[in-house]
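Visitor: One structure follows; several queries about it will come next.
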There are 2 protein chains.
Amino acid sequence: MSRKSFQRWSMDARRRSLLEATLHCIAEHGMNGASARRVAERAGVTAGLIRHYFGSKDAMVSAAYAYLIGQLTGEAEESSEQAGEVPERRLARFIVANVTSPNLSSRKVALWATFIGRVRTEPEYSDIHRESYREFLALLETLIHPVLLALERPADPVTCKHYAIALNALIDGLWLEGGLGHGLYDTALLPKIALSAAEGILALPNNTLMQYVAVDKSSSQPATQ
Amino acid sequence: MSRKSFQRWSMDARRRSLLEATLHCIAEHGMNGASARRVAERAGVTAGLIRHYFGSKDAMVSAAYAYLIGQLTGEAEESSEQAGEVPERRLARFIVANVTSPNLSSRKVALWATFIGRVRTEPEYSDIHRESYREFLALLETLIHPVLLALERPADPVTCKHYAIALNALIDGLWLEGGLGHGLYDTALLPKIALSAAEGILALPNNTLMQYVAVDKSSSQPATQ
DNA sequence: TTCCTTGTTATACGACAGTATAACTGTAAG
DNA sequence: CTTACAGTTATACTGTCGTATAACAAGGAA
């Protein structure tokens with residue numbers, strides 16, 4: 001009986017492979033299901049590599065949290081960047097991107113929630129969360145500010161921040177409940193609901209945001225995995 | 001060496017004690033920390049009782065989820081009931097109750113999130129979540145409807161439902177981020193932000209809701225445990 | 001008091017957890 | 001082609017996991 005043959009990968013590739021395997025196990029079987037052996041098997045290696053690359057299984061799991069958050073904010077930023085120059089259009093597209101596929105993903109919601117549950121008591125998690133939330137708020141503020149200016153509305157930092165907090169909550173909430181896919185309403189409604197509510201929160205004239213987005217009127221589109 | 005002496009409790013009391021111990025362990029040490037032995041020790045019994053009362057540890061954990069959700073919706077309903085008869089006041093109080101202590105609790109947010117992470121793949125969890133979300137939406141709709149009527153605004157079921165979805169998202173998001181206590185802003189701001197945003201979402205005149213709530217202008221009040 | 005029911009403890013068991021260590025082997029440098 | 005390093009496997013070890021089972025005792029019924 002000979003040993004398993006293997007390939008040597010670059011540190012980055014191997015780490016990423018293990019992190020993705022970790023996320024897979026957590027999404028599919030919960031925190032309990034992400035055992036060292038199971039994650040290693042999913043990544044096609046043996047459990048010893050976890051120690052080699054991350055020092056411990058717990059360190060790997062928190063690294064997976066950071067990795068997931070990086071993906072999420074990356075996607076969100078990307079979608080706001082490719083929306084052109086019109087401030088209202090940028091904001092509208094950003095909001096919609098967060099309540100439609102691929103961001104509206106039950107897998108991502110499940111992962112996010114699982115990790116959020118540990119933010120309260122574990123400092124590493126809490127640091128990662130705080131930083132990502134700060135980033136998201138800042139991004140929203142920079143999207144909101146020019147919209148207010150264009151309408152000659154007060155746009156001082158405090159006002160912008162309060163708007164950003166409320167808008168972030170709206171987006172988080174819709175993303176969360178929409179992503180969970182409870183089937184209580186058609187998730188194709190989410191863009192319209194989100195934009196209409198955002199216009200209300202920012203006290204913008206009707207259609208200020210809505211006009212920039214083609215709202216899907218067709219039938220249900222289930223959330224992606 | 002003699003046996004530990006014990007008392008026989010009623011089925012309800014013993015079950016509740018075990019469920020609360022389960023929630024404690026999950027909140028403090030995550031899903032992994034809620035082992036049968038640890039939960040039993042916290043409840044002051046031995047692990048065998050879990051099998052006796054719930055059949056298995058997994059069944060106990062999902063029962064704990066249902067127990068938690070019952071507490072949450074119970075508190076929310078209670079706070080809306082003791083708000084008098086004025087529709088605007090009832091809605092305002094309900095919203096504020098969800099972003100202030102004791103509902104704004106980092107422990108509850110952490111527990112909620114931990115369970116939500118399992119909604120996607122485990123049917124029992126998904127059922128419990130769907131039902132509680134449906135209840136919350138329905139409650140919001142019954143609060144929103146009379147407010148719209150009083151202002152002679154269209155109040156058909158579809159409109160109410162869309163408003164309820166958006167408002168629920170706003171409340172969920174503020175509760176979540178506020179409860180996590182990241183320290184990025186003063187959580188005493190949340191009632192004002194929530195009411196202002198709610199007025200915007202529902203397109204109500206300024207202060208329609210705000211006038212019914214004394215907004216705390218004093219210094220930071222950290223979220224309760 | 002005495003007996004019976006059953007809630008509760010105590011213990012054993014196999015499975016699997018995380019990880020430390022040693023042996024092996026892929027790969028690039030010399 | 002050889003050598004040496006380090007990425008990777010294999011394995012062993014101790015602890016804890018969930019739970020099945022049997023002994024025990026609390027407290028009401030007779």
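The way I read the labels, and the way they are meant: chains A, B, ... in the order of the structure tokens, residue 1 as the first residue of every chain, and ligand 1 as the first ligand shown, with later ones counted on from there.
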Show me which bits of chain A are within 6 Å of chain B, counting only C-alpha atoms, as a count of residues only.
Guide: 15
Visitor: Report as a PyMOL selection string the set of chain C residues whose atoms approach chain B to within 8 Å, with distances computed over only C-alpha atoms (C1' of nucleotides).
Guide: chain C and resi 7-9
Visitor: Between CA of Val147 (chain B) and CA of Arg153 (chain A), measure the distance and give it in Å to one decimal.
Guide: 27.9 Å
Visitor: Pick out the residues sitting within 12 Å of DA12 (chain C), and hand them over as JSON, numbers by chain; count only C-alpha atoms (C1' of nucleotides), and ignore anything fewer than 6 positions along from it in its own chain.
Guide: {"D": [19, 20, 21, 22]}
Visitor: Go through chain D and flag each residue having an atom no more than 10 Å from chain A; for those, report the closest pair of atoms plus their distance in Å to one decimal, using only C-alpha atoms (C1' of nucleotides), ordered by chain and rising number, as JSON lines.
Guide:
{"residue": "D:DG7", "atom": "C1'", "partner": "A:Arg8", "partner_atom": "CA", "distance": 6.2}
{"residue": "D:DT8", "atom": "C1'", "partner": "A:Leu49", "partner_atom": "CA", "distance": 7.2}
{"residue": "D:DT9", "atom": "C1'", "partner": "A:Thr46", "partner_atom": "CA", "distance": 6.8}
{"residue": "D:DA10", "atom": "C1'", "partner": "A:Arg3", "partner_atom": "CA", "distance": 8.2}
Visitor: Could you write those residues out with all heavy atoms, as a compact mmCIF listing (two decimals), in the first residue's frame?
Guide:
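Printed below is again.txt as written:
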# COMPACT_ATOMS: atom_id res chain seq x y z
P DG D 7 6.70 24.90 2.66
OP1 DG D 7 7.13 26.04 1.85
OP2 DG D 7 6.28 25.06 4.06
O5' DG D 7 5.51 24.15 1.87
C5' DG D 7 5.70 23.90 0.49
C4' DG D 7 5.04 22.59 0.10
O4' DG D 7 5.80 21.46 0.62
C3' DG D 7 3.62 22.38 0.61
O3' DG D 7 2.93 21.66 -0.39
C2' DG D 7 3.81 21.52 1.87
C1' DG D 7 4.97 20.65 1.45
N9 DG D 7 5.83 20.14 2.52
C8 DG D 7 6.40 20.87 3.54
N7 DG D 7 7.15 20.14 4.33
C5 DG D 7 7.08 18.85 3.80
C6 DG D 7 7.68 17.64 4.23
O6 DG D 7 8.43 17.45 5.18
N1 DG D 7 7.33 16.58 3.41
C2 DG D 7 6.51 16.67 2.32
N2 DG D 7 6.29 15.54 1.64
N3 DG D 7 5.94 17.80 1.90
C4 DG D 7 6.26 18.84 2.69
P DT D 8 1.32 21.49 -0.33
OP1 DT D 8 0.80 21.46 -1.71
OP2 DT D 8 0.78 22.46 0.65
O5' DT D 8 1.18 20.04 0.30
C5' DT D 8 1.56 18.90 -0.48
C4' DT D 8 1.53 17.64 0.37
O4' DT D 8 2.58 17.68 1.36
C3' DT D 8 0.26 17.40 1.18
O3' DT D 8 -0.53 16.42 0.50
C2' DT D 8 0.74 16.91 2.55
C1' DT D 8 2.24 16.71 2.34
N1 DT D 8 3.07 16.97 3.56
C2 DT D 8 3.78 15.92 4.11
O2 DT D 8 3.77 14.79 3.67
N3 DT D 8 4.51 16.25 5.23
C4 DT D 8 4.60 17.49 5.83
O4 DT D 8 5.30 17.66 6.84
C5 DT D 8 3.83 18.54 5.20
C7 DT D 8 3.84 19.92 5.78
C6 DT D 8 3.12 18.23 4.11
P DT D 9 -1.74 15.68 1.30
OP1 DT D 9 -2.68 15.22 0.26
OP2 DT D 9 -2.23 16.50 2.42
O5' DT D 9 -1.00 14.41 1.90
C5' DT D 9 -0.34 13.48 1.04
C4' DT D 9 0.20 12.32 1.86
O4' DT D 9 1.11 12.81 2.88
C3' DT D 9 -0.86 11.50 2.59
O3' DT D 9 -0.62 10.11 2.38
C2' DT D 9 -0.70 11.89 4.06
C1' DT D 9 0.78 12.26 4.14
N1 DT D 9 1.11 13.28 5.17
C2 DT D 9 2.04 12.98 6.13
O2 DT D 9 2.61 11.91 6.21
N3 DT D 9 2.30 14.01 7.02
C4 DT D 9 1.73 15.27 7.03
O4 DT D 9 2.04 16.11 7.86
C5 DT D 9 0.77 15.51 5.99
C7 DT D 9 0.08 16.83 5.90
C6 DT D 9 0.50 14.52 5.13
P DA D 10 -1.76 9.02 2.76
OP1 DA D 10 -1.73 7.94 1.76
OP2 DA D 10 -3.02 9.73 3.03
O5' DA D 10 -1.21 8.46 4.14
C5' DA D 10 0.17 8.15 4.25
C4' DA D 10 0.50 7.75 5.68
O4' DA D 10 0.81 8.94 6.46
C3' DA D 10 -0.61 7.02 6.43
O3' DA D 10 -0.04 5.88 7.05
C2' DA D 10 -1.11 8.04 7.45
C1' DA D 10 0.12 8.89 7.69
N9 DA D 10 -0.15 10.29 8.05
C8 DA D 10 -1.03 11.15 7.46
N7 DA D 10 -1.06 12.36 7.98
C5 DA D 10 -0.12 12.29 9.00
C6 DA D 10 0.33 13.25 9.93
N6 DA D 10 -0.13 14.51 9.99
N1 DA D 10 1.29 12.87 10.81
C2 DA D 10 1.75 11.61 10.75
N3 DA D 10 1.40 10.62 9.92
C4 DA D 10 0.45 11.03 9.06
Visitor: Looking only at the backbone, which of the residues in region 2-213 of chain A does DSSP tag as alpha helix (DSSP H), as an MDAnalysis selection string?
Guide: chainID A and resid 11:33 36:43 48:54 57:81 87:98 106:116 123:150 157:180 190:201
Visitor: To one decimal in Å, tell me the separation between CA of Glu88 (chain A) and CA of Ser105 (chain A).
Guide: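 If I compute the distance from CA of Glu88 (chain A) to CA of Ser105 (chain A), I get 25.3 Å.
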Visitor: Using only C-alpha atoms, which residue out of B:Asp156, B:Asp58, B:Glu77, B:Glu41 lies closest to Ile144 (chain B)?
Guide: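 Residue with the minimum atom-to-atom distance to Ile144 (chain B): B:Asp156.
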Visitor: Name the closest residue to Ala150 (chain A) among the candidates A:Val86, A:Leu72, A:Ser62, A:Ser2; distances are taken between atoms, counting only C-alpha atoms.
Guide: A:Val86
Visitor: Would you mind listing what lies within 10 Å of DG18 (chain C) as number ranges by chain, with only C-alpha atoms (C1' of nucleotides) counted and same-chain residues fewer than 2 positions away left out?
Guide: A: 35-37, 47, 51, 56-58; C: 16, 20; D: 14-15
Visitor: Taking N, CA, C and O atoms (P, O5', C5', C4', C3', O3' and C1' of nucleotides) for each residue, export the selection above as a tab-separated table (two decimals), in the first residue's frame.
Guide:
chain	number	residue	atom	x	y	z
A	35	SER	N	-15.43	20.18	10.63
A	35	SER	CA	-14.34	19.55	11.38
A	35	SER	C	-13.09	19.54	10.52
A	35	SER	O	-13.16	19.61	9.29
A	36	ALA	N	-11.97	19.46	11.20
A	36	ALA	CA	-10.69	19.49	10.48
A	36	ALA	C	-10.65	18.41	9.41
A	36	ALA	O	-10.28	18.68	8.27
A	37	ARG	N	-11.07	17.22	9.76
A	37	ARG	CA	-10.99	16.14	8.79
A	37	ARG	C	-11.92	16.36	7.60
A	37	ARG	O	-11.59	16.09	6.46
A	47	ALA	N	-5.67	16.29	7.04
A	47	ALA	CA	-5.93	17.30	8.06
A	47	ALA	C	-4.66	18.01	8.56
A	47	ALA	O	-4.73	19.14	9.04
A	51	ARG	N	-2.94	22.58	10.18
A	51	ARG	CA	-1.95	23.06	11.14
A	51	ARG	C	-0.81	23.77	10.40
A	51	ARG	O	-0.34	24.82	10.81
A	56	SER	N	-3.96	26.35	13.55
A	56	SER	CA	-5.01	25.60	14.23
A	56	SER	C	-6.29	25.68	13.42
A	56	SER	O	-6.43	26.53	12.53
A	57	LYS	N	-7.22	24.82	13.73
A	57	LYS	CA	-8.49	24.80	13.03
A	57	LYS	C	-9.28	26.09	13.31
A	57	LYS	O	-9.88	26.66	12.40
A	58	ASP	N	-9.25	26.55	14.55
A	58	ASP	CA	-9.97	27.77	14.87
A	58	ASP	C	-9.44	28.95	14.07
A	58	ASP	O	-10.21	29.79	13.58
C	16	DC	P	-17.48	8.23	12.92
C	16	DC	O5'	-16.85	9.61	13.41
C	16	DC	C5'	-17.63	10.53	14.15
C	16	DC	C4'	-16.73	11.47	14.90
C	16	DC	C3'	-15.61	12.09	14.03
C	16	DC	O3'	-15.73	13.49	14.10
C	16	DC	C1'	-14.80	11.38	16.12
C	20	DA	P	-0.35	21.06	18.43
C	20	DA	O5'	0.89	20.17	18.87
C	20	DA	C5'	0.70	19.17	19.87
C	20	DA	C4'	1.50	17.93	19.54
C	20	DA	C3'	2.86	18.20	18.89
C	20	DA	O3'	3.83	17.42	19.57
C	20	DA	C1'	1.60	16.68	17.55
D	14	DT	P	-2.11	8.81	25.40
D	14	DT	O5'	-3.01	10.09	25.74
D	14	DT	C5'	-2.48	11.41	25.56
D	14	DT	C4'	-3.64	12.40	25.50
D	14	DT	C3'	-4.72	12.12	26.54
D	14	DT	O3'	-5.11	13.34	27.14
D	14	DT	C1'	-5.70	12.18	24.41
D	15	DG	P	-6.07	13.32	28.43
D	15	DG	O5'	-7.38	14.08	27.92
D	15	DG	C5'	-7.24	15.32	27.20
D	15	DG	C4'	-8.48	15.57	26.37
D	15	DG	C3'	-9.79	15.47	27.17
D	15	DG	O3'	-10.43	16.75	27.11
D	15	DG	C1'	-9.92	14.26	25.10
